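Shown here: start.pdb, PDB, C-alpha atoms, pLDDT in the B column.
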```
ATOM      1  CA  MET D 551     -78.072 -45.596   0.066  1.00 97.00           C
ATOM      2  CA  ARG D 552     -76.336 -43.124   2.374  1.00 94.00           C
ATOM      3  CA  LYS D 553     -74.162 -40.067   1.983  1.00 92.00           C
ATOM      4  CA  LEU D 554     -70.415 -40.591   2.188  1.00 90.00           C
ATOM      5  CA  THR D 555     -68.594 -39.337   5.256  1.00 89.00           C
ATOM      6  CA  ILE D 556     -65.768 -36.825   4.978  1.00 84.00           C
ATOM      7  CA  GLN D 557     -63.301 -39.664   5.597  1.00 85.00           C
ATOM      8  CA  GLU D 558     -64.809 -41.750   2.784  1.00 87.00           C
ATOM      9  CA  LEU D 559     -64.388 -38.887   0.293  1.00 85.00           C
ATOM     10  CA  ASN D 560     -60.590 -39.348   0.426  1.00 83.00           C
ATOM     11  CA  ARG D 561     -59.948 -35.633   0.097  1.00 84.00           C
ATOM     12  CA  HIS D 562     -56.391 -34.500  -0.599  1.00 86.00           C
ATOM     13  CA  SER D 563     -54.600 -32.138   1.724  1.00 88.00           C
ATOM     14  CA  VAL D 564     -53.564 -28.881   0.051  1.00 90.00           C
ATOM     15  CA  GLU D 565     -49.951 -30.098  -0.044  1.00 90.00           C
ATOM     16  CA  ASP D 566     -50.900 -33.457  -1.549  1.00 87.00           C
ATOM     17  CA  PHE D 567     -53.101 -31.737  -4.116  1.00 87.00           C
ATOM     18  CA  LYS D 568     -50.290 -29.373  -5.135  1.00 89.00           C
ATOM     19  CA  ASN D 569     -48.144 -32.437  -5.900  1.00 90.00           C
ATOM     20  CA  THR D 570     -50.892 -34.301  -7.769  1.00 90.00           C
ATOM     21  CA  GLU D 571     -50.781 -34.532 -11.564  1.00 91.00           C
ATOM     22  CA  LYS D 572     -53.208 -32.035 -13.128  1.00 94.00           C
ATOM     23  CA  PHE D 573     -55.194 -32.071 -16.343  1.00 93.00           C
ATOM     24  CA  PRO D 574     -53.506 -30.230 -19.273  1.00 94.00           C
ATOM     25  CA  LEU D 575     -55.931 -27.392 -18.719  1.00 97.00           C
ATOM     26  CA  CYS D 576     -55.929 -23.785 -17.541  1.00 98.00           C
ATOM     27  CA  VAL D 577     -58.669 -21.202 -17.070  1.00 99.00           C
ATOM     28  CA  VAL D 578     -58.455 -17.512 -17.984  1.00 99.00           C
ATOM     29  CA  LEU D 579     -60.980 -15.103 -16.458  1.00 99.00           C
ATOM     30  CA  ASP D 580     -61.221 -12.017 -18.690  1.00 99.00           C
ATOM     31  CA  ASN D 581     -62.329  -8.989 -16.646  1.00 98.00           C
ATOM     32  CA  VAL D 582     -64.783 -10.906 -14.455  1.00 98.00           C
ATOM     33  CA  ARG D 583     -66.372  -8.402 -12.053  1.00 97.00           C
ATOM     34  CA  SER D 584     -68.137 -10.589  -9.501  1.00 98.00           C
ATOM     35  CA  LEU D 585     -65.960 -11.783  -6.645  1.00 98.00           C
ATOM     36  CA  HIS D 586     -68.461 -14.608  -6.113  1.00 98.00           C
ATOM     37  CA  ASN D 587     -67.729 -15.785  -9.678  1.00 98.00           C
ATOM     38  CA  VAL D 588     -63.984 -15.584  -9.034  1.00 98.00           C
ATOM     39  CA  GLY D 589     -64.271 -17.630  -5.833  1.00 98.00           C
ATOM     40  CA  ALA D 590     -66.491 -20.187  -7.553  1.00 98.00           C
ATOM     41  CA  ALA D 591     -63.977 -20.448 -10.419  1.00 99.00           C
ATOM     42  CA  PHE D 592     -61.219 -21.223  -7.891  1.00 98.00           C
ATOM     43  CA  ARG D 593     -63.351 -23.927  -6.301  1.00 98.00           C
ATOM     44  CA  THR D 594     -64.270 -25.449  -9.668  1.00 98.00           C
ATOM     45  CA  CYS D 595     -60.634 -25.380 -10.849  1.00 98.00           C
ATOM     46  CA  ASP D 596     -59.717 -27.280  -7.687  1.00 97.00           C
ATOM     47  CA  ALA D 597     -62.502 -29.823  -8.275  1.00 96.00           C
ATOM     48  CA  PHE D 598     -61.290 -30.528 -11.816  1.00 96.00           C
ATOM     49  CA  ALA D 599     -57.520 -30.457 -11.096  1.00 96.00           C
ATOM     50  CA  VAL D 600     -56.791 -27.524 -13.408  1.00 97.00           C
ATOM     51  CA  GLN D 601     -53.109 -26.575 -13.784  1.00 97.00           C
ATOM     52  CA  LYS D 602     -53.584 -22.823 -13.358  1.00 98.00           C
ATOM     53  CA  LEU D 603     -56.148 -20.051 -13.042  1.00 99.00           C
ATOM     54  CA  TRP D 604     -55.321 -16.739 -14.717  1.00 99.00           C
ATOM     55  CA  LEU D 605     -57.087 -13.665 -13.308  1.00 99.00           C
ATOM     56  CA  GLY D 606     -57.115 -11.193 -16.187  1.00 99.00           C
ATOM     57  CA  GLY D 607     -57.580  -7.439 -16.276  1.00 98.00           C
ATOM     58  CA  ILE D 608     -59.920  -6.130 -13.564  1.00 98.00           C
ATOM     59  CA  THR D 609     -60.758  -9.615 -12.260  1.00 98.00           C
ATOM     60  CA  GLY D 610     -60.596  -9.598  -8.462  1.00 97.00           C
ATOM     61  CA  ARG D 611     -57.715 -11.344  -6.740  1.00 98.00           C
ATOM     62  CA  PRO D 612     -57.159 -13.014  -3.381  1.00 97.00           C
ATOM     63  CA  PRO D 613     -56.963 -12.237  -0.611  1.00 95.00           C
ATOM     64  CA  HIS D 614     -60.501 -10.872  -0.534  1.00 96.00           C
ATOM     65  CA  ARG D 615     -63.292 -11.824   1.863  1.00 96.00           C
ATOM     66  CA  GLU D 616     -65.877 -12.422  -0.905  1.00 97.00           C
ATOM     67  CA  ILE D 617     -63.520 -14.627  -2.937  1.00 98.00           C
ATOM     68  CA  THR D 618     -62.450 -16.587   0.142  1.00 96.00           C
ATOM     69  CA  LYS D 619     -66.068 -17.148   1.211  1.00 96.00           C
ATOM     70  CA  THR D 620     -66.971 -18.859  -2.074  1.00 96.00           C
ATOM     71  CA  ALA D 621     -63.595 -20.513  -2.770  1.00 97.00           C
ATOM     72  CA  LEU D 622     -63.609 -22.483   0.523  1.00 94.00           C
ATOM     73  CA  GLY D 623     -59.808 -22.663   0.704  1.00 93.00           C
ATOM     74  CA  SER D 624     -59.149 -23.387  -2.968  1.00 95.00           C
ATOM     75  CA  THR D 625     -57.220 -20.120  -3.328  1.00 97.00           C
ATOM     76  CA  GLU D 626     -54.496 -22.043  -1.487  1.00 96.00           C
ATOM     77  CA  SER D 627     -54.633 -25.173  -3.664  1.00 96.00           C
ATOM     78  CA  VAL D 628     -55.071 -23.741  -7.178  1.00 97.00           C
ATOM     79  CA  PRO D 629     -52.029 -22.016  -8.701  1.00 97.00           C
ATOM     80  CA  TRP D 630     -53.064 -18.584  -9.942  1.00 98.00           C
ATOM     81  CA  GLU D 631     -51.571 -15.456 -11.403  1.00 98.00           C
ATOM     82  CA  HIS D 632     -52.810 -12.004 -12.354  1.00 99.00           C
ATOM     83  CA  ALA D 633     -52.460 -10.994 -16.017  1.00 98.00           C
ATOM     84  CA  PRO D 634     -53.210  -7.294 -16.532  1.00 98.00           C
ATOM     85  CA  ASP D 635     -53.171  -7.610 -20.347  1.00 98.00           C
ATOM     86  CA  VAL D 636     -55.394 -10.535 -21.369  1.00 99.00           C
ATOM     87  CA  PRO D 637     -54.753 -10.335 -25.153  1.00 98.00           C
ATOM     88  CA  ALA D 638     -51.006 -10.479 -24.431  1.00 98.00           C
ATOM     89  CA  LEU D 639     -51.575 -13.455 -22.107  1.00 99.00           C
ATOM     90  CA  VAL D 640     -53.508 -15.298 -24.836  1.00 99.00           C
ATOM     91  CA  ARG D 641     -50.722 -14.650 -27.350  1.00 98.00           C
ATOM     92  CA  GLN D 642     -48.143 -15.917 -24.836  1.00 99.00           C
ATOM     93  CA  LEU D 643     -50.148 -19.050 -24.062  1.00 99.00           C
ATOM     94  CA  LYS D 644     -50.368 -19.794 -27.785  1.00 98.00           C
ATOM     95  CA  ALA D 645     -46.620 -19.200 -28.194  1.00 98.00           C
ATOM     96  CA  ASP D 646     -46.085 -21.649 -25.309  1.00 98.00           C
ATOM     97  CA  GLY D 647     -48.053 -24.323 -27.184  1.00 97.00           C
ATOM     98  CA  TRP D 648     -51.526 -23.998 -25.656  1.00 98.00           C
ATOM     99  CA  GLN D 649     -54.738 -24.271 -27.660  1.00 98.00           C
ATOM    100  CA  VAL D 650     -56.693 -21.196 -26.506  1.00 98.00           C
ATOM    101  CA  VAL D 651     -60.473 -21.394 -26.761  1.00 99.00           C
ATOM    102  CA  ALA D 652     -62.942 -18.663 -25.832  1.00 99.00           C
ATOM    103  CA  VAL D 653     -66.226 -19.660 -24.256  1.00 99.00           C
ATOM    104  CA  GLU D 654     -68.446 -17.253 -26.164  1.00 98.00           C
ATOM    105  CA  GLN D 655     -71.361 -17.087 -28.575  1.00 97.00           C
ATOM    106  CA  THR D 656     -69.823 -16.091 -31.925  1.00 97.00           C
ATOM    107  CA  THR D 657     -70.451 -16.523 -35.637  1.00 97.00           C
ATOM    108  CA  GLU D 658     -67.879 -19.335 -35.628  1.00 97.00           C
ATOM    109  CA  SER D 659     -68.355 -20.970 -32.231  1.00 98.00           C
ATOM    110  CA  VAL D 660     -68.674 -24.737 -32.023  1.00 98.00           C
ATOM    111  CA  LEU D 661     -71.338 -26.221 -29.772  1.00 98.00           C
ATOM    112  CA  LEU D 662     -69.649 -27.672 -26.705  1.00 98.00           C
ATOM    113  CA  PRO D 663     -70.723 -31.312 -27.264  1.00 98.00           C
ATOM    114  CA  ALA D 664     -69.116 -31.251 -30.741  1.00 98.00           C
ATOM    115  CA  PHE D 665     -65.864 -29.593 -29.628  1.00 98.00           C
ATOM    116  CA  ARG D 666     -62.747 -31.764 -29.553  1.00 95.00           C
ATOM    117  CA  PRO D 667     -59.593 -30.344 -27.937  1.00 95.00           C
ATOM    118  CA  ALA D 668     -56.337 -30.632 -29.874  1.00 91.00           C
ATOM    119  CA  ALA D 669     -54.831 -34.026 -29.113  1.00 84.00           C
ATOM    120  CA  VAL D 670     -51.287 -32.811 -28.516  1.00 87.00           C
ATOM    121  CA  LYS D 671     -51.786 -29.381 -26.928  1.00 93.00           C
ATOM    122  CA  PRO D 672     -52.851 -28.351 -23.461  1.00 96.00           C
ATOM    123  CA  LEU D 673     -56.144 -26.438 -23.411  1.00 98.00           C
ATOM    124  CA  ALA D 674     -56.690 -22.889 -22.130  1.00 99.00           C
ATOM    125  CA  LEU D 675     -60.321 -21.826 -21.719  1.00 99.00           C
ATOM    126  CA  VAL D 676     -61.205 -18.117 -21.647  1.00 99.00           C
ATOM    127  CA  PHE D 677     -64.325 -16.938 -19.809  1.00 99.00           C
ATOM    128  CA  GLY D 678     -65.504 -13.350 -20.208  1.00 98.00           C
ATOM    129  CA  ASN D 679     -67.071 -10.492 -18.328  1.00 97.00           C
ATOM    130  CA  GLU D 680     -70.600 -10.948 -16.993  1.00 95.00           C
ATOM    131  CA  VAL D 681     -72.043  -8.151 -19.169  1.00 95.00           C
ATOM    132  CA  PHE D 682     -69.774  -7.872 -22.207  1.00 96.00           C
ATOM    133  CA  GLY D 683     -68.448 -11.423 -22.531  1.00 97.00           C
ATOM    134  CA  VAL D 684     -64.961 -12.139 -23.841  1.00 98.00           C
ATOM    135  CA  ASP D 685     -63.309  -8.904 -24.979  1.00 98.00           C
ATOM    136  CA  ASP D 686     -63.099  -8.523 -28.774  1.00 98.00           C
ATOM    137  CA  ALA D 687     -59.293  -8.212 -28.703  1.00 98.00           C
ATOM    138  CA  VAL D 688     -59.058 -11.383 -26.616  1.00 98.00           C
ATOM    139  CA  LEU D 689     -61.505 -13.192 -28.890  1.00 98.00           C
ATOM    140  CA  ALA D 690     -59.461 -12.223 -31.957  1.00 98.00           C
ATOM    141  CA  ALA D 691     -56.351 -13.750 -30.357  1.00 98.00           C
ATOM    142  CA  CYS D 692     -58.041 -17.099 -29.549  1.00 98.00           C
ATOM    143  CA  ASP D 693     -57.779 -20.218 -31.709  1.00 98.00           C
ATOM    144  CA  ALA D 694     -61.485 -21.016 -31.525  1.00 98.00           C
ATOM    145  CA  ALA D 695     -64.699 -20.451 -29.597  1.00 98.00           C
ATOM    146  CA  VAL D 696     -67.161 -22.854 -28.019  1.00 99.00           C
ATOM    147  CA  GLU D 697     -70.637 -22.242 -26.688  1.00 98.00           C
ATOM    148  CA  ILE D 698     -72.963 -24.170 -24.434  1.00 98.00           C
ATOM    149  CA  PRO D 699     -76.189 -25.134 -26.213  1.00 97.00           C
ATOM    150  CA  GLN D 700     -79.140 -23.434 -24.516  1.00 96.00           C
ATOM    151  CA  PHE D 701     -82.833 -23.961 -25.071  1.00 95.00           C
ATOM    152  CA  GLY D 702     -84.545 -21.284 -22.966  1.00 94.00           C
ATOM    153  CA  THR D 703     -85.216 -17.596 -23.526  1.00 94.00           C
ATOM    154  CA  LYS D 704     -82.063 -16.041 -22.024  1.00 90.00           C
ATOM    155  CA  HIS D 705     -79.153 -17.724 -23.849  1.00 89.00           C
ATOM    156  CA  SER D 706     -76.987 -16.639 -20.966  1.00 91.00           C
ATOM    157  CA  LEU D 707     -75.522 -18.427 -17.962  1.00 95.00           C
ATOM    158  CA  ASN D 708     -73.706 -17.075 -14.919  1.00 96.00           C
ATOM    159  CA  VAL D 709     -69.913 -17.187 -15.326  1.00 97.00           C
ATOM    160  CA  SER D 710     -69.490 -19.587 -12.413  1.00 97.00           C
ATOM    161  CA  VAL D 711     -72.063 -21.977 -13.898  1.00 98.00           C
ATOM    162  CA  THR D 712     -70.395 -21.753 -17.309  1.00 98.00           C
ATOM    163  CA  VAL D 713     -66.979 -22.555 -15.820  1.00 99.00           C
ATOM    164  CA  GLY D 714     -68.421 -25.669 -14.186  1.00 98.00           C
ATOM    165  CA  VAL D 715     -70.209 -26.929 -17.294  1.00 98.00           C
ATOM    166  CA  VAL D 716     -67.253 -26.343 -19.624  1.00 98.00           C
ATOM    167  CA  LEU D 717     -64.615 -27.779 -17.282  1.00 98.00           C
ATOM    168  CA  TRP D 718     -66.723 -30.889 -16.693  1.00 97.00           C
ATOM    169  CA  ASP D 719     -66.976 -31.353 -20.455  1.00 97.00           C
ATOM    170  CA  ALA D 720     -63.269 -30.665 -21.062  1.00 97.00           C
ATOM    171  CA  VAL D 721     -62.068 -33.058 -18.367  1.00 95.00           C
ATOM    172  CA  GLY D 722     -64.208 -35.783 -19.897  1.00 93.00           C
ATOM    173  CA  LYS D 723     -62.487 -35.250 -23.253  1.00 94.00           C
ATOM    174  CA  LEU D 724     -58.898 -34.983 -21.992  1.00 89.00           C
ATOM    175  CA  THR D 725     -56.526 -37.735 -20.939  1.00 68.00           C
ATOM    176  CA  PRO D 726     -56.909 -38.191 -17.195  1.00 62.00           C
ATOM    177  CA  PRO D 727     -53.969 -37.283 -14.982  1.00 56.00           C
ATOM    178  CA  ALA D 728     -51.963 -40.104 -13.470  1.00 55.00           C
ATOM    179  CA  PRO D 729     -53.259 -41.244 -10.075  1.00 56.00           C
ATOM    180  CA  SER D 730     -51.503 -39.658  -7.119  1.00 54.00           C
ATOM    181  CA  ALA D 731     -49.083 -41.789  -5.122  1.00 48.00           C
TER     182      ALA D 731
END
```
Here is a file; write its structure as structure tokens.
Amino acid sequence: MRKLTIQELNRHSVEDFKNTEKFPLCVVLDNVRSLHNVGAAFRTCDAFAVQKLWLGGITGRPPHREITKTALGSTESVPWEHAPDVPALVRQLKADGWQVVAVEQTTESVLLPAFRPAAVKPLALVFGNEVFGVDDAVLAACDAAVEIPQFGTKHSLNVSVTVGVVLWDAVGKLTPPAPSA
């Protein structure tokens, strides 16, 4: 066994990636404070071919040195937009036909392994603030909530870790995008 070379990884150029079919999936960051978490979310959205990253409320936005450091260029490949009013964004996504799901521990959350996205709707996943989680007004506007099963003492994961776990799970449950030409 050996590690693959950069050439063997068949990485897309930014332009090729922009023209590649994406999963019917977007990510909403709700008032995420850490610029490291924002940069990591960009990088993870690139890895999983997410259609769009929404930076909600006070969430930091590129260009910023700390975001760029963690994102490793993915701020150029992942379409993103700032949404100052996250509850309004969630309502608009729903009106546009998206299934909007908060990633949060709630009285009605479904454990991630049991969650099945709607078959005919694209999926928007909302990730909350590092201290307060998904804002109550945002949570009230969502269609559902999912949580990652945890077995330790903290029942808390870093936002960037949560984005990776949930996107990996979602991509496995969604129809894959068509191969690029």
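For the residues D:Gly678, D:Pro629, D:Pro663, D:Pro672, ranking by smallest atom-to-atom distance to Gly607 of chain D using all atoms listed in the file places D:Gly678 first.
Minimum distance to Arg593 of chain D across D:Ile608, D:Ala621, D:Val577, D:Ala652 (counting only C-alpha atoms) occurs at D:Ala621.
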Using only C-alpha atoms, find each residue of segment 659-731 of chain D with at least one atom at most 10 Å away from an atom of segment 596-605 of chain D; report its shortest atom-to-atom pair and that distance in Å (one decimal), sort the rows by chain and rising residue number, and return the result as CSV.
```
residue,atom,partner,partner_atom,distance
D:Pro672,CA,D:Gln601,CA,9.8
D:Ala674,CA,D:Lys602,CA,9.3
D:Leu675,CA,D:Leu603,CA,9.8
D:Val676,CA,D:Trp604,CA,9.2
D:Gly714,CA,D:Phe598,CA,8.9
D:Leu717,CA,D:Phe598,CA,7.0
D:Trp718,CA,D:Phe598,CA,7.3
D:Ala720,CA,D:Phe598,CA,9.5
D:Val721,CA,D:Phe598,CA,7.1
D:Pro726,CA,D:Ala599,CA,9.9
D:Pro727,CA,D:Ala599,CA,8.6
```
Chain and number of each residue from the PyMOL selection byres ((chain D and resi 606) around 7), as number ranges by chain: D: 578-581, 604-605, 607-609, 632-636
Explicit residues for the PyMOL selection byres ((chain D and resi 679) around 7) (as a ChimeraX atom specification): /D:580-583,678,680-684
Residues within 12 Å of (-57.9, -23.9, -28.8), counting all atoms listed in the file, listed as a PyMOL selection string: chain D and resi 575-576+640-641+643-644+647-653+659-660+665-676+689+691-696+720
Test item: the PyMOL selection byres ((chain D and resi 586) around 12) resolved as a list in words: Val582, Arg583, Ser584, Leu585, Asn587, Val588, Gly589, Ala590, Ala591, Phe592, Arg593, Thr609, Gly610, Arg611, Pro612, His614, Arg615, Glu616, Ile617, Thr618, Lys619, Thr620, Ala621, Leu622, Glu680, Asn708, Val709, Ser710 and Val711 of chain D
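Atom pair atom CA of Lys572 of chain D / atom CA of Ser627 of chain D has a distance of 11.8 Å (rounded to one decimal).
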Distance of atom CA of Val688 of chain D from atom CA of Thr703 of chain D, expressed in Å to one decimal place: 27.1 Å
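Computed from the coordinates, the atom CA of Thr657 of chain D to atom CA of Cys595 of chain D distance equals 28.1 Å.
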8 Å per side around segment 619-633 of chain D: axis-aligned box centre and edge lengths, as AutoDock Vina command-line options:
```
--center_x -59.3 --center_y -18.1 --center_z -7.4 --size_x 31.4 --size_y 30.2 --size_z 33.2
```
